[in-house]
file upload_35.cif (mmCIF, N, CA and C atoms and all ligand atoms)
data_upload
loop_
_atom_site.label_atom_id
_atom_site.label_comp_id
_atom_site.auth_asym_id
_atom_site.auth_seq_id
_atom_site.Cartn_x
_atom_site.Cartn_y
_atom_site.Cartn_z
N MET A 1 -23.83 -94.17 -43.01
CA MET A 1 -22.76 -94.52 -43.95
C MET A 1 -23.25 -95.53 -44.99
N ALA A 2 -24.40 -96.07 -44.78
CA ALA A 2 -24.84 -97.17 -45.62
C ALA A 2 -25.35 -96.71 -46.98
N THR A 3 -26.59 -96.38 -47.05
CA THR A 3 -27.17 -96.05 -48.35
C THR A 3 -26.74 -94.67 -48.80
N LYS A 4 -25.97 -94.65 -49.82
CA LYS A 4 -25.42 -93.37 -50.26
C LYS A 4 -26.25 -92.69 -51.33
N PHE A 5 -26.69 -93.43 -52.26
CA PHE A 5 -27.19 -92.78 -53.47
C PHE A 5 -28.51 -92.03 -53.35
N PRO A 6 -29.54 -92.65 -52.88
CA PRO A 6 -30.81 -91.88 -52.81
C PRO A 6 -30.68 -90.70 -51.86
N GLU A 7 -30.04 -90.91 -50.73
CA GLU A 7 -29.85 -89.85 -49.76
C GLU A 7 -28.96 -88.75 -50.31
N ALA A 8 -27.91 -89.16 -50.93
CA ALA A 8 -26.95 -88.19 -51.46
C ALA A 8 -27.61 -87.28 -52.47
N GLN A 9 -28.46 -87.84 -53.26
CA GLN A 9 -29.16 -87.02 -54.25
C GLN A 9 -29.96 -85.93 -53.56
N ARG A 10 -30.60 -86.29 -52.49
CA ARG A 10 -31.42 -85.32 -51.79
C ARG A 10 -30.55 -84.25 -51.13
N ARG A 11 -29.44 -84.69 -50.62
CA ARG A 11 -28.55 -83.75 -49.92
C ARG A 11 -27.99 -82.69 -50.86
N LEU A 12 -27.87 -83.07 -52.07
CA LEU A 12 -27.33 -82.11 -53.03
C LEU A 12 -28.17 -80.85 -53.09
N PHE A 13 -29.43 -81.01 -52.80
CA PHE A 13 -30.32 -79.86 -52.89
C PHE A 13 -30.34 -79.07 -51.59
N MET A 14 -29.94 -79.72 -50.54
CA MET A 14 -29.93 -79.02 -49.27
C MET A 14 -28.70 -78.12 -49.15
N ASN A 15 -27.56 -78.69 -49.50
CA ASN A 15 -26.32 -77.92 -49.45
C ASN A 15 -26.00 -77.37 -48.07
N VAL A 16 -26.29 -78.14 -47.07
CA VAL A 16 -25.91 -77.73 -45.71
C VAL A 16 -24.96 -78.77 -45.15
N PHE A 17 -23.86 -78.30 -44.59
CA PHE A 17 -22.86 -79.22 -44.08
C PHE A 17 -22.49 -78.87 -42.65
N VAL A 18 -22.08 -79.89 -41.93
CA VAL A 18 -21.77 -79.70 -40.52
C VAL A 18 -20.30 -79.98 -40.27
N CYS A 19 -19.66 -79.09 -39.55
CA CYS A 19 -18.27 -79.30 -39.19
C CYS A 19 -18.15 -80.50 -38.26
N LYS A 20 -17.20 -81.36 -38.53
CA LYS A 20 -17.07 -82.55 -37.70
C LYS A 20 -16.49 -82.25 -36.33
N LYS A 21 -15.79 -81.15 -36.22
CA LYS A 21 -15.18 -80.81 -34.94
C LYS A 21 -16.12 -80.03 -34.04
N CYS A 22 -16.55 -78.87 -34.53
CA CYS A 22 -17.33 -78.00 -33.65
C CYS A 22 -18.81 -78.02 -34.00
N LYS A 23 -19.14 -78.72 -35.06
CA LYS A 23 -20.54 -78.94 -35.42
C LYS A 23 -21.29 -77.67 -35.79
N SER A 24 -20.58 -76.72 -36.26
CA SER A 24 -21.27 -75.56 -36.77
C SER A 24 -21.69 -75.84 -38.20
N LYS A 25 -22.76 -75.21 -38.61
CA LYS A 25 -23.29 -75.48 -39.94
C LYS A 25 -22.79 -74.47 -40.94
N ARG A 26 -22.63 -74.98 -42.15
CA ARG A 26 -22.27 -74.07 -43.23
C ARG A 26 -23.03 -74.45 -44.47
N ARG A 27 -23.38 -73.45 -45.22
CA ARG A 27 -24.01 -73.73 -46.51
C ARG A 27 -22.95 -73.72 -47.58
N SER A 28 -23.04 -74.71 -48.43
CA SER A 28 -22.09 -74.78 -49.52
C SER A 28 -22.56 -75.84 -50.51
N THR A 29 -21.81 -75.99 -51.56
CA THR A 29 -22.13 -77.05 -52.50
C THR A 29 -21.29 -78.27 -52.19
N MET A 30 -21.81 -79.40 -52.56
CA MET A 30 -21.08 -80.65 -52.38
C MET A 30 -19.73 -80.59 -53.07
N GLN A 31 -19.72 -79.96 -54.20
CA GLN A 31 -18.50 -79.83 -54.99
C GLN A 31 -17.38 -79.17 -54.18
N LYS A 32 -17.69 -78.06 -53.58
CA LYS A 32 -16.67 -77.31 -52.83
C LYS A 32 -16.19 -78.07 -51.61
N VAL A 33 -17.10 -78.74 -50.96
CA VAL A 33 -16.72 -79.51 -49.78
C VAL A 33 -15.74 -80.62 -50.17
N LEU A 34 -16.04 -81.28 -51.25
CA LEU A 34 -15.19 -82.38 -51.69
C LEU A 34 -13.83 -81.86 -52.14
N GLU A 35 -13.80 -80.65 -52.62
CA GLU A 35 -12.53 -80.09 -53.07
C GLU A 35 -11.74 -79.49 -51.92
N GLY A 36 -12.35 -79.43 -50.74
CA GLY A 36 -11.64 -78.91 -49.57
C GLY A 36 -11.57 -77.40 -49.55
N LYS A 37 -12.50 -76.76 -50.23
CA LYS A 37 -12.47 -75.30 -50.27
C LYS A 37 -13.24 -74.67 -49.12
N ILE A 38 -13.98 -75.51 -48.45
CA ILE A 38 -14.79 -74.99 -47.36
C ILE A 38 -14.03 -75.13 -46.04
N ILE A 39 -13.88 -74.04 -45.36
CA ILE A 39 -13.17 -74.06 -44.08
C ILE A 39 -14.09 -73.50 -43.00
N CYS A 40 -14.11 -74.19 -41.90
CA CYS A 40 -14.97 -73.78 -40.79
C CYS A 40 -14.49 -72.44 -40.22
N LYS A 41 -15.44 -71.56 -40.01
CA LYS A 41 -15.08 -70.25 -39.48
C LYS A 41 -14.60 -70.34 -38.04
N LYS A 42 -15.18 -71.24 -37.31
CA LYS A 42 -14.85 -71.34 -35.89
C LYS A 42 -13.51 -72.01 -35.65
N CYS A 43 -13.39 -73.26 -36.12
CA CYS A 43 -12.21 -74.04 -35.75
C CYS A 43 -11.23 -74.17 -36.91
N GLY A 44 -11.65 -73.77 -38.09
CA GLY A 44 -10.72 -73.77 -39.21
C GLY A 44 -10.45 -75.12 -39.83
N CYS A 45 -11.21 -76.11 -39.46
CA CYS A 45 -10.96 -77.43 -40.04
C CYS A 45 -11.75 -77.60 -41.33
N LYS A 46 -11.32 -78.56 -42.12
CA LYS A 46 -11.97 -78.76 -43.42
C LYS A 46 -12.86 -79.99 -43.45
N ALA A 47 -12.99 -80.61 -42.31
CA ALA A 47 -13.78 -81.84 -42.28
C ALA A 47 -15.26 -81.52 -42.10
N PHE A 48 -15.98 -81.71 -43.17
CA PHE A 48 -17.41 -81.48 -43.12
C PHE A 48 -18.17 -82.71 -43.54
N ARG A 49 -19.37 -82.79 -43.04
CA ARG A 49 -20.25 -83.86 -43.50
C ARG A 49 -21.61 -83.26 -43.79
N PRO A 50 -22.35 -83.91 -44.65
CA PRO A 50 -23.68 -83.40 -44.98
C PRO A 50 -24.59 -83.43 -43.76
N LEU A 51 -25.45 -82.48 -43.69
CA LEU A 51 -26.41 -82.46 -42.60
C LEU A 51 -27.35 -83.65 -42.74
N ARG A 52 -27.46 -84.41 -41.69
CA ARG A 52 -28.18 -85.67 -41.82
C ARG A 52 -29.68 -85.52 -41.68
N LYS A 53 -30.08 -84.98 -40.57
CA LYS A 53 -31.49 -84.99 -40.27
C LYS A 53 -32.19 -83.81 -40.95
N ALA A 54 -32.87 -84.12 -42.00
CA ALA A 54 -33.58 -83.08 -42.72
C ALA A 54 -35.02 -83.01 -42.23
N LYS A 55 -35.17 -82.72 -40.98
CA LYS A 55 -36.51 -82.66 -40.37
C LYS A 55 -37.17 -84.03 -40.34
ZN ZN B 101 -15.56 -76.28 -36.96
#

call {"tool": "encode", "arguments": {"input": "upload_35.cif", "output": "structure tokens"}}
result
Amino acid sequence: MATKFPEAQRRLFMNVFVCKKCKSKRRSTMQKVLEGKIICKKCGCKAFRPLRKAK
């Protein structure tokens, strides 16, 4: 939660997000996630976070 900017820039290129409930991954753009357009196929929730560990 701390350093947002350098990391966030990198995440923009990854475009992989993880559902906060069931932790399934989805590919999408940051834009769509922020707009709430991305819905988890499994649990149907809209709470996503960027994939943290990029190897
Ligand atoms: Zn889910």

call {"tool": "atom_distance", "arguments": {"input": "upload_35.cif", "atom1": "atom CA of A:Met14", "atom2": "atom CA of A:Cys45"}}
result
21.2 Å

call {"tool": "residues_near_ligand", "arguments": {"input": "upload_35.cif", "ligand": "ligand ZN 101 (chain B)", "cutoff": "6 Å", "atoms": "only C-alpha atoms and all ligand atoms", "output": "PyMOL selection string"}}
result
chain A and resi 19+21-24+40+42-45

call {"tool": "atom_distance", "arguments": {"input": "upload_35.cif", "atom1": "atom CA of A:Pro6", "atom2": "atom CA of A:Leu51"}}
result
14.6 Å

call {"tool": "atom_distance", "arguments": {"input": "upload_35.cif", "atom1": "atom C of A:Gly36", "atom2": "atom N of A:Asn15"}}
result
16.0 Å

call {"tool": "axis_aligned_box", "arguments": {"input": "upload_35.cif", "around": "stretch 43-52 of chain A", "padding_each_side": "3 Å", "output": "JSON"}}
result
{"center_x": -20.1, "center_y": -79.5, "center_z": -40.4, "size_x": 25.2, "size_y": 18.4, "size_z": 15.2}

call {"tool": "select_by_dssp", "arguments": {"input": "upload_35.cif", "residues": "stretch 5-52 of chain A", "states": "strand (DSSP E)", "output": "number ranges by chain"}}
result
A: 16-19, 25-27, 48-50

call {"tool": "decode", "arguments": {"input": "upload_35.cif", "residues": "stretch 9-53 of chain A", "atoms": "C-alpha atoms", "output": "PDB file, in the first residue's frame"}}
result
ATOM      1  CA  GLN A   9       3.486   2.543 -13.585  1.00  0.00           C
ATOM      2  CA  ARG A  10       4.855  -0.918 -14.024  1.00  0.00           C
ATOM      3  CA  ARG A  11       1.544  -2.551 -13.276  1.00  0.00           C
ATOM      4  CA  LEU A  12      -0.094  -0.652 -16.019  1.00  0.00           C
ATOM      5  CA  PHE A  13       1.826  -2.746 -18.466  1.00  0.00           C
ATOM      6  CA  MET A  14       1.027  -6.001 -16.818  1.00  0.00           C
ATOM      7  CA  ASN A  15      -2.726  -5.545 -16.741  1.00  0.00           C
ATOM      8  CA  VAL A  16      -3.308  -8.539 -14.525  1.00  0.00           C
ATOM      9  CA  PHE A  17      -5.635  -8.259 -11.576  1.00  0.00           C
ATOM     10  CA  VAL A  18      -6.587 -10.580  -8.778  1.00  0.00           C
ATOM     11  CA  CYS A  19     -10.030 -10.975  -7.300  1.00  0.00           C
ATOM     12  CA  LYS A  20      -9.976 -10.091  -3.631  1.00  0.00           C
ATOM     13  CA  LYS A  21     -12.472 -12.779  -2.750  1.00  0.00           C
ATOM     14  CA  CYS A  22     -11.584 -15.885  -4.693  1.00  0.00           C
ATOM     15  CA  LYS A  23      -8.195 -14.762  -5.948  1.00  0.00           C
ATOM     16  CA  SER A  24      -8.731 -15.711  -9.498  1.00  0.00           C
ATOM     17  CA  LYS A  25      -6.774 -13.720 -12.018  1.00  0.00           C
ATOM     18  CA  ARG A  26      -8.137 -11.608 -14.763  1.00  0.00           C
ATOM     19  CA  ARG A  27      -6.533  -9.606 -17.471  1.00  0.00           C
ATOM     20  CA  SER A  28      -7.818  -6.142 -17.954  1.00  0.00           C
ATOM     21  CA  THR A  29      -6.822  -2.531 -18.050  1.00  0.00           C
ATOM     22  CA  MET A  30      -6.452  -0.399 -14.981  1.00  0.00           C
ATOM     23  CA  GLN A  31      -9.060   1.882 -16.435  1.00  0.00           C
ATOM     24  CA  LYS A  32     -11.770  -0.751 -16.518  1.00  0.00           C
ATOM     25  CA  VAL A  33     -11.012  -2.006 -13.050  1.00  0.00           C
ATOM     26  CA  LEU A  34     -11.290   1.470 -11.624  1.00  0.00           C
ATOM     27  CA  GLU A  35     -14.557   1.990 -13.423  1.00  0.00           C
ATOM     28  CA  GLY A  36     -15.951  -1.231 -11.958  1.00  0.00           C
ATOM     29  CA  LYS A  37     -16.509  -2.845 -15.314  1.00  0.00           C
ATOM     30  CA  ILE A  38     -14.581  -5.928 -14.451  1.00  0.00           C
ATOM     31  CA  ILE A  39     -16.541  -8.650 -12.736  1.00  0.00           C
ATOM     32  CA  CYS A  40     -15.099 -11.884 -11.475  1.00  0.00           C
ATOM     33  CA  LYS A  41     -16.363 -14.889 -13.368  1.00  0.00           C
ATOM     34  CA  LYS A  42     -16.291 -17.103 -10.329  1.00  0.00           C
ATOM     35  CA  CYS A  43     -17.732 -15.077  -7.485  1.00  0.00           C
ATOM     36  CA  GLY A  44     -19.093 -12.086  -9.344  1.00  0.00           C
ATOM     37  CA  CYS A  45     -17.469  -9.491  -7.162  1.00  0.00           C
ATOM     38  CA  LYS A  46     -15.917  -6.305  -8.473  1.00  0.00           C
ATOM     39  CA  ALA A  47     -13.123  -6.000  -5.986  1.00  0.00           C
ATOM     40  CA  PHE A  48      -9.868  -6.435  -7.784  1.00  0.00           C
ATOM     41  CA  ARG A  49      -6.332  -5.544  -7.013  1.00  0.00           C
ATOM     42  CA  PRO A  50      -3.280  -5.470  -9.208  1.00  0.00           C
ATOM     43  CA  LEU A  51      -1.180  -8.574  -9.255  1.00  0.00           C
ATOM     44  CA  ARG A  52       1.636  -7.884  -6.874  1.00  0.00           C
ATOM     45  CA  LYS A  53       4.393 -10.330  -7.390  1.00  0.00           C
TER      46      LYS A  53
END
